[in-house]
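See structure below.
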Amino acid sequence: MVSRVQQLVKSAATLNFRRTPADITSTVSKIITSGKQVQDQVASQRTPTFANTIAPLARFDNNAGVDTSIVAFLQNVSTDKDIRDASSNAEQHLRAFHIESMMREDVYKSVRSVFGNTAEMEKLEPEDRLLVEKMELQYRRNGLALSAGQREKLGQIRKRLSELGIAFSRNINEGDGKILFTREELDGLPKDFYDGRRTEIENGVEKYVVTTKYPDLVPAMQHAKREDTRRRLLTVEETRCPQNIPLLEEAVKLRLQAAQLLGYNTHAEFVLEENMAKAPKAVLDFEHDLRKRLDSLADKEVAEIEELKKADKKAAGEPYNGLFNWDYRYYSNMIKEHKHSVSEEEVKQYFPVKEVTRGVLDIYQEMLDLRFAKVENPPVWHSDVEMYEVWESKGDDFVGHFYLDLYPRDGKYNHACVNPIRGGFANDDGTREYPAAVMLANFPKPTSTAPALLKHDDVLTLLHEFGHVFHHLCSKTKWSYFQLDSVQMDFIEAPSQMLENWGWEPSVLRRFAVHYKTGEPIPEALVKRLVAAKNEGAGLFNLRQAFFGLFDMAIHNTMDGSIDIRTLYRSMRQEITRFAGGDANSCGAATFGHMMGGYDAGYYGYQWAKVFSADMYASRFLKDGVDNQQTGLDYRREILQPGGSRDASVSLEEFLGRKPDNNAFLKSIGLDQ
């Protein structure tokens, strides 16, 4: 048994993140050469079958997937600019190769032959049959049913879109803004904000460096008392990466051209065909209905914020000048503190990151019947990174690995996300390759006087991102094709959103929320106040999400690709979210990474998926008990394990025992039906 366990871990622990620019270039060359050889072999088949056509293509994806992921991933985490540049260049070459691969008519003919062979299809296992259907559809969606001239034009468009997406992302990662403030200008910020903070001399005055990274931006926008400080900082954030606006505008035009070449009216029609929503009308009906319901909540919330700002202006002897985007976080936070006596500064004293991480991992271990083991001295890309093995809780069945890279640094991706690095799949000899995933976050770092402390929102983020990690690790499919990345885009957030609910459960919070100095558990009274404040500001928060979704549809569900992104973004945001913009040159769309990172015509999915996450939580976990392991096992089997190998609606009905509805969702955000 011991030798088998050692063999499992050894075979699964060979991920190599320590690559030089030359290594990255060489790896890309090998992947492309190998891929072309497989495609040539498939194209030469005289009698295409699943075994000689579909399986070789899928095996190539299985085997090349990990190197493909790593060489493209390093641009998001490496401290070495040469490596980041090489990684970005590698991604561009790999995307171009993928586009070329999907445009090969000779390969498509072989795939199409298998797809059209009724006898061959009928004898296949369900996942194999679905693989053929998905492959054939992807070739068609990449233009293989078009004329040669149209295919060439589509290929050129796709390559240019790939280049635009990579440039857009690189600009965001390397375009962090900064601004200098005096201590007086930062009045209201907690003492630990200054611990270890860099200073610079400007005009003979020592000032603090404040960046647009989340650990700086969020507390400053929540606590800085001076409106001008908040205005100046948000202006820096919303005027950075101006070069991204023309990139996005070009991408919108090209996406529309590609969709219309393929016979769709709009890019949104093209994207939504494979999603649960199926068509733009369903998305727009959902968003507009939600917005209408939220308006009544938002009216009350705006009135409260106006009252507070008017009082501040009166006390300062200044005229009231309206509500602006830089007021939203500050006054929303003030309302929570005044109405519910919830101070983020008080709350975070009970959320040291190590204790929270331990507690969250315990929750996932128990719910999913897993066991985690931290790897000492792991082969990783930075000393901040932790690596864990994942095992079945009983026996010696290995599941996979995950990595945690939780703190900000220069050149690193500056939000939170999960990167699937290796997909799980079955080998021909019956053994399995084991999945691996990386969580990236930008939580506050430890200081000279305190460990890393999380805001409650950070705790929810941790729960959410771990949801993606274990969706990937617990998917168990024959082909890596059906791992996390193939889950329908308007469902993929649901499992993670559902897990955020654990961050509001008093019994759960008491398991890991302890004061970083005394070790005392979080007081019950504070937990009650925190939970009572859960839906404070829900109207404005959800309107903000609705704005992002409606802006996304406005630029992608149109037959006119000539869009002034800057003007549209500013006007829609003010109309929907109720807060005015400031600097005429500002445009948050320049750093709206989702629009160039795979969520185009898909941002609605965050709120769409919340309908399902709320239903799963209320109908099963809340009803059966959040610590009911059988419910957790049902969830793992019906929601996580299938990955993308079946339609999400089927998984939901199997888990719920009925079709989902929106009752729990509306209740969860404080709306009566």
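Every chain in the structure tokens has a letter given in the order shown (A, B, ...), and although residue numbers restart at 1 in each chain, ligands are simply numbered from 1 in the order shown.
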
Handout entry: Contact residues around Leu233 of chain A with only C-alpha atoms at 9 Å, ignoring same-chain residues under 5 positions, as JSON, numbers by chain
Key = {"A": [177, 178, 179, 210, 211, 212, 217, 220, 221, 228, 238, 326]}

Practice task
Can you pull out every residue within 7 Å of Lys348 of chain A, counting only C-alpha atoms, but drop anything in the same chain fewer than 5 positions away, and send it as a list in words?
Solution key: Leu453, Leu454, Lys455 and His456 of chain A

Export of the given selection (all heavy atoms) as a JSON list (two decimals), in the first residue's frame:
```
[["chain", "number", "residue", "atom", "x", "y", "z"],
["A", 453, "LEU", "N", -4.71, 39.94, 8.26],
["A", 453, "LEU", "CA", -6.09, 39.92, 8.76],
["A", 453, "LEU", "C", -7.05, 40.16, 7.60],
["A", 453, "LEU", "O", -6.83, 41.03, 6.76],
["A", 453, "LEU", "CB", -6.27, 41.01, 9.83],
["A", 453, "LEU", "CG", -5.39, 40.90, 11.07],
["A", 453, "LEU", "CD1", -5.58, 42.12, 11.97],
["A", 453, "LEU", "CD2", -5.69, 39.62, 11.84],
["A", 454, "LEU", "N", -8.13, 39.39, 7.60],
["A", 454, "LEU", "CA", -9.10, 39.46, 6.50],
["A", 454, "LEU", "C", -10.35, 40.24, 6.90],
["A", 454, "LEU", "O", -10.84, 40.09, 8.03],
["A", 454, "LEU", "CB", -9.53, 38.05, 6.08],
["A", 454, "LEU", "CG", -8.43, 37.11, 5.61],
["A", 454, "LEU", "CD1", -9.04, 35.76, 5.22],
["A", 454, "LEU", "CD2", -7.68, 37.70, 4.43],
["A", 455, "LYS", "N", -10.85, 41.04, 5.99],
["A", 455, "LYS", "CA", -12.20, 41.58, 6.16],
["A", 455, "LYS", "C", -13.19, 40.44, 5.95],
["A", 455, "LYS", "O", -12.86, 39.40, 5.37],
["A", 455, "LYS", "CB", -12.46, 42.71, 5.16],
["A", 455, "LYS", "CG", -11.48, 43.86, 5.24],
["A", 455, "LYS", "CD", -11.90, 45.02, 4.35],
["A", 455, "LYS", "CE", -12.05, 44.62, 2.90],
["A", 455, "LYS", "NZ", -10.80, 44.15, 2.30],
["A", 456, "HIS", "N", -14.43, 40.64, 6.38],
["A", 456, "HIS", "CA", -15.42, 39.58, 6.20],
["A", 456, "HIS", "C", -15.63, 39.30, 4.72],
["A", 456, "HIS", "O", -15.81, 38.13, 4.31],
["A", 456, "HIS", "CB", -16.75, 39.97, 6.86],
["A", 456, "HIS", "CG", -17.77, 38.88, 6.79],
["A", 456, "HIS", "ND1", -18.89, 38.97, 6.00],
["A", 456, "HIS", "CD2", -17.82, 37.66, 7.38],
["A", 456, "HIS", "CE1", -19.60, 37.85, 6.12],
["A", 456, "HIS", "NE2", -18.97, 37.04, 6.95]]
```

Handout entry: Residue neighbourhood Leu440 of chain A, 7 Å, only C-alpha atoms, exclusion window fewer than 3 positions, as a PyMOL selection string
Key = chain A and resi 404-406+416-418

Problem - Nearby residues (only C-alpha atoms) at most 10 Å from Val626 of chain A, same-chain spacing under 6 positions excluded, as a ChimeraX atom specification - result: /A:363,367,501-502,505,507-508,617-618,620,632

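When atom CA of Ser571 of chain A is paired with atom CA of Ser586 of chain A, their separation reads 11.8 Å.
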
Problem - Spatial neighbours of Ala589 of chain A, max dist 10 Å, only C-alpha atoms, sep filter under 2 positions, as a list of chain:residue names - result: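 So, after excluding close chain neighbours, the residues are A:Glu238, A:Thr239, A:Cys241, A:Pro242, A:Asn244, A:Ile245, A:Leu248, A:Phe548, A:Phe551, A:Ile565, A:Arg566, A:Leu568, A:Tyr569, A:Arg570, A:Ser586, A:Cys587, A:Thr591, A:Phe592, A:Gly593, A:His594, A:Met595.
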
Same residues, N, CA, C and O atoms, saved as an mmCIF file, in the first residue's frame:
```cif
data_model
loop_
_atom_site.group_PDB
_atom_site.id
_atom_site.type_symbol
_atom_site.label_atom_id
_atom_site.label_comp_id
_atom_site.auth_asym_id
_atom_site.auth_seq_id
_atom_site.Cartn_x
_atom_site.Cartn_y
_atom_site.Cartn_z
ATOM 1 N N GLU A 238 -9.539 54.647 -12.167
ATOM 2 C CA GLU A 238 -10.415 54.587 -13.335
ATOM 3 C C GLU A 238 -9.856 55.324 -14.559
ATOM 4 O O GLU A 238 -10.533 55.399 -15.583
ATOM 5 N N THR A 239 -8.646 55.844 -14.437
ATOM 6 C CA THR A 239 -7.999 56.414 -15.624
ATOM 7 C C THR A 239 -6.742 55.622 -16.002
ATOM 8 O O THR A 239 -6.049 55.996 -16.941
ATOM 9 N N CYS A 241 -4.651 52.410 -17.563
ATOM 10 C CA CYS A 241 -4.784 51.546 -18.749
ATOM 11 C C CYS A 241 -5.693 52.149 -19.821
ATOM 12 O O CYS A 241 -6.541 51.434 -20.394
ATOM 13 N N PRO A 242 -5.546 53.438 -20.149
ATOM 14 C CA PRO A 242 -6.412 54.017 -21.193
ATOM 15 C C PRO A 242 -6.230 53.340 -22.548
ATOM 16 O O PRO A 242 -7.136 53.353 -23.384
ATOM 17 N N ASN A 244 -6.385 50.393 -23.120
ATOM 18 C CA ASN A 244 -7.278 49.236 -23.230
ATOM 19 C C ASN A 244 -8.623 49.578 -23.867
ATOM 20 O O ASN A 244 -9.320 48.682 -24.362
ATOM 21 N N ILE A 245 -9.006 50.844 -23.848
ATOM 22 C CA ILE A 245 -10.306 51.213 -24.425
ATOM 23 C C ILE A 245 -10.354 50.914 -25.925
ATOM 24 O O ILE A 245 -11.286 50.234 -26.392
ATOM 25 N N LEU A 248 -10.619 47.127 -26.488
ATOM 26 C CA LEU A 248 -11.953 46.574 -26.270
ATOM 27 C C LEU A 248 -12.890 46.966 -27.407
ATOM 28 O O LEU A 248 -13.696 46.144 -27.876
ATOM 29 N N PHE A 548 -23.084 45.815 -14.720
ATOM 30 C CA PHE A 548 -22.025 45.122 -15.447
ATOM 31 C C PHE A 548 -22.622 44.158 -16.480
ATOM 32 O O PHE A 548 -22.144 44.069 -17.616
ATOM 33 N N PHE A 551 -24.274 46.274 -19.324
ATOM 34 C CA PHE A 551 -23.236 46.873 -20.174
ATOM 35 C C PHE A 551 -22.650 45.820 -21.105
ATOM 36 O O PHE A 551 -22.479 46.056 -22.317
ATOM 37 N N ILE A 565 -17.144 53.094 -26.172
ATOM 38 C CA ILE A 565 -17.127 52.368 -24.899
ATOM 39 C C ILE A 565 -17.116 53.320 -23.712
ATOM 40 O O ILE A 565 -17.861 53.149 -22.738
ATOM 41 N N ARG A 566 -16.280 54.330 -23.776
ATOM 42 C CA ARG A 566 -16.125 55.249 -22.648
ATOM 43 C C ARG A 566 -17.451 55.940 -22.317
ATOM 44 O O ARG A 566 -17.886 55.959 -21.164
ATOM 45 N N LEU A 568 -20.589 55.085 -23.286
ATOM 46 C CA LEU A 568 -21.633 54.125 -22.926
ATOM 47 C C LEU A 568 -21.455 53.638 -21.499
ATOM 48 O O LEU A 568 -22.424 53.573 -20.726
ATOM 49 N N TYR A 569 -20.235 53.299 -21.121
ATOM 50 C CA TYR A 569 -19.959 52.797 -19.776
ATOM 51 C C TYR A 569 -20.343 53.829 -18.721
ATOM 52 O O TYR A 569 -21.025 53.527 -17.742
ATOM 53 N N ARG A 570 -19.900 55.075 -18.935
ATOM 54 C CA ARG A 570 -20.171 56.124 -17.954
ATOM 55 C C ARG A 570 -21.668 56.412 -17.837
ATOM 56 O O ARG A 570 -22.201 56.560 -16.728
ATOM 57 N N SER A 586 -12.226 59.250 -17.153
ATOM 58 C CA SER A 586 -12.301 57.966 -16.459
ATOM 59 C C SER A 586 -13.135 56.974 -17.251
ATOM 60 O O SER A 586 -14.062 57.345 -17.970
ATOM 61 N N CYS A 587 -12.776 55.720 -17.105
ATOM 62 C CA CYS A 587 -13.581 54.661 -17.720
ATOM 63 C C CYS A 587 -13.189 53.325 -17.113
ATOM 64 O O CYS A 587 -12.130 52.773 -17.429
ATOM 65 N N THR A 591 -10.354 48.469 -17.187
ATOM 66 C CA THR A 591 -9.863 47.410 -16.302
ATOM 67 C C THR A 591 -10.948 46.378 -16.008
ATOM 68 O O THR A 591 -10.850 45.619 -15.055
ATOM 69 N N PHE A 592 -11.976 46.354 -16.840
ATOM 70 C CA PHE A 592 -13.060 45.370 -16.717
ATOM 71 C C PHE A 592 -12.579 44.096 -17.407
ATOM 72 O O PHE A 592 -12.961 43.780 -18.525
ATOM 73 N N GLY A 593 -11.708 43.370 -16.703
ATOM 74 C CA GLY A 593 -11.018 42.236 -17.294
ATOM 75 C C GLY A 593 -11.921 41.154 -17.835
ATOM 76 O O GLY A 593 -11.549 40.422 -18.760
ATOM 77 N N HIS A 594 -13.116 41.023 -17.261
ATOM 78 C CA HIS A 594 -14.046 39.986 -17.716
ATOM 79 C C HIS A 594 -14.363 40.118 -19.209
ATOM 80 O O HIS A 594 -14.599 39.114 -19.889
ATOM 81 N N MET A 595 -14.405 41.358 -19.708
ATOM 82 C CA MET A 595 -14.808 41.561 -21.094
ATOM 83 C C MET A 595 -13.778 41.043 -22.091
ATOM 84 O O MET A 595 -14.090 40.841 -23.269
#
```

Practice task
Select, from A:Thr266, A:Gln483, A:Asn442, A:Thr461, the residue with the minimum atom-to-atom distance to His415 of chain A, counting only C-alpha atoms.
Solution key: A:Asn442

Exercise for the section: List every residue of segment 216-439 of chain A that DSSP, applied to the backbone of this structure, assigns to helix (DSSP H, G or I), and report them as a ChimeraX atom specification. Expected result: /A:216-223,227-239,244-261,267-272,280-316,325-340,344-348,353-368

Practice task
Name the closest residue to Val342 of chain A among the candidates A:Val531, A:Leu622, A:Val375, A:Val514; distances are taken between atoms, counting only C-alpha atoms.
Solution key: A:Val531

Exercise for the section: Could you check how far atom CA of Tyr330 of chain A sits from atom CA of Ile669 of chain A, in Å to one decimal? Expected result: 20.9 Å

Exercise for the section: Name all residues at most 12 Å from Thr518 of chain A (count only C-alpha atoms; drop same-chain ones fewer than 4 positions away) and give them as number ranges by chain. Expected result: A: 349-350, 352, 513-514, 522

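Restricting the calculation to only C-alpha atoms, the smallest distance between Leu261 of chain A and any of A:Asn142, A:Gln607, A:Gln545, A:Ser613 is found for A:Asn142.
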
Problem - Best match for closeness to Thr79 of chain A among A:Asp285, A:Asp410, A:Asp61, A:Glu433, counting only C-alpha atoms - result: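 Answer, going by the shortest atom-to-atom distance: A:Asp410.
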
Exercise for the section: Would you mind listing what lies within 12 Å of segment 540-542 of chain A as number ranges by chain, with only C-alpha atoms counted and same-chain residues fewer than 6 positions away left out? Expected result: A: 287, 290-305, 325, 328-329, 331-332, 534, 548-549, 573-574, 576-579, 604, 606-608, 610, 665-666, 668-671

Problem - Residue list (strand (DSSP E or B), DSSP) for segment 60-289 of chain A, as number ranges by chain - result: A: 178-181, 199-202, 205-211

Exercise for the section: Find, counting only C-alpha atoms, the residue in A:Arg104, A:Pro420, A:Thr118, A:Asn557 that gets nearest to Arg151 of chain A. Expected result: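 Among the listed residues, A:Arg104 lies closest to Arg151 of chain A.
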
Segment 507-601 of chain A residues near segment 272-283 of chain A within 12 Å, closest pair each, using only C-alpha atoms, as JSON lines:
```
{"residue": "A:Ala546", "atom": "CA", "partner": "A:Val283", "partner_atom": "CA", "distance": 10.8}
{"residue": "A:Gly549", "atom": "CA", "partner": "A:Val283", "partner_atom": "CA", "distance": 8.9}
{"residue": "A:Leu550", "atom": "CA", "partner": "A:Val283", "partner_atom": "CA", "distance": 9.0}
{"residue": "A:Asp552", "atom": "CA", "partner": "A:Val283", "partner_atom": "CA", "distance": 11.0}
{"residue": "A:Met553", "atom": "CA", "partner": "A:Pro280", "partner_atom": "CA", "distance": 8.0}
{"residue": "A:Ala554", "atom": "CA", "partner": "A:Pro280", "partner_atom": "CA", "distance": 10.6}
{"residue": "A:His556", "atom": "CA", "partner": "A:Pro280", "partner_atom": "CA", "distance": 9.7}
{"residue": "A:Asn557", "atom": "CA", "partner": "A:Pro280", "partner_atom": "CA", "distance": 7.2}
{"residue": "A:Thr558", "atom": "CA", "partner": "A:Pro280", "partner_atom": "CA", "distance": 10.4}
{"residue": "A:Tyr599", "atom": "CA", "partner": "A:Leu272", "partner_atom": "CA", "distance": 11.1}
{"residue": "A:Asp600", "atom": "CA", "partner": "A:Leu272", "partner_atom": "CA", "distance": 10.1}
{"residue": "A:Ala601", "atom": "CA", "partner": "A:Leu272", "partner_atom": "CA", "distance": 7.4}
```

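Atom CA of Asp192 of chain A is found 7.5 Å from atom CA of Thr447 of chain A.
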
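When only C-alpha atoms are used to measure the gap to Asn535 of chain A, the shortest distance among A:Ala426, A:Ala494, A:Val209, A:Ile335 belongs to A:Ile335.
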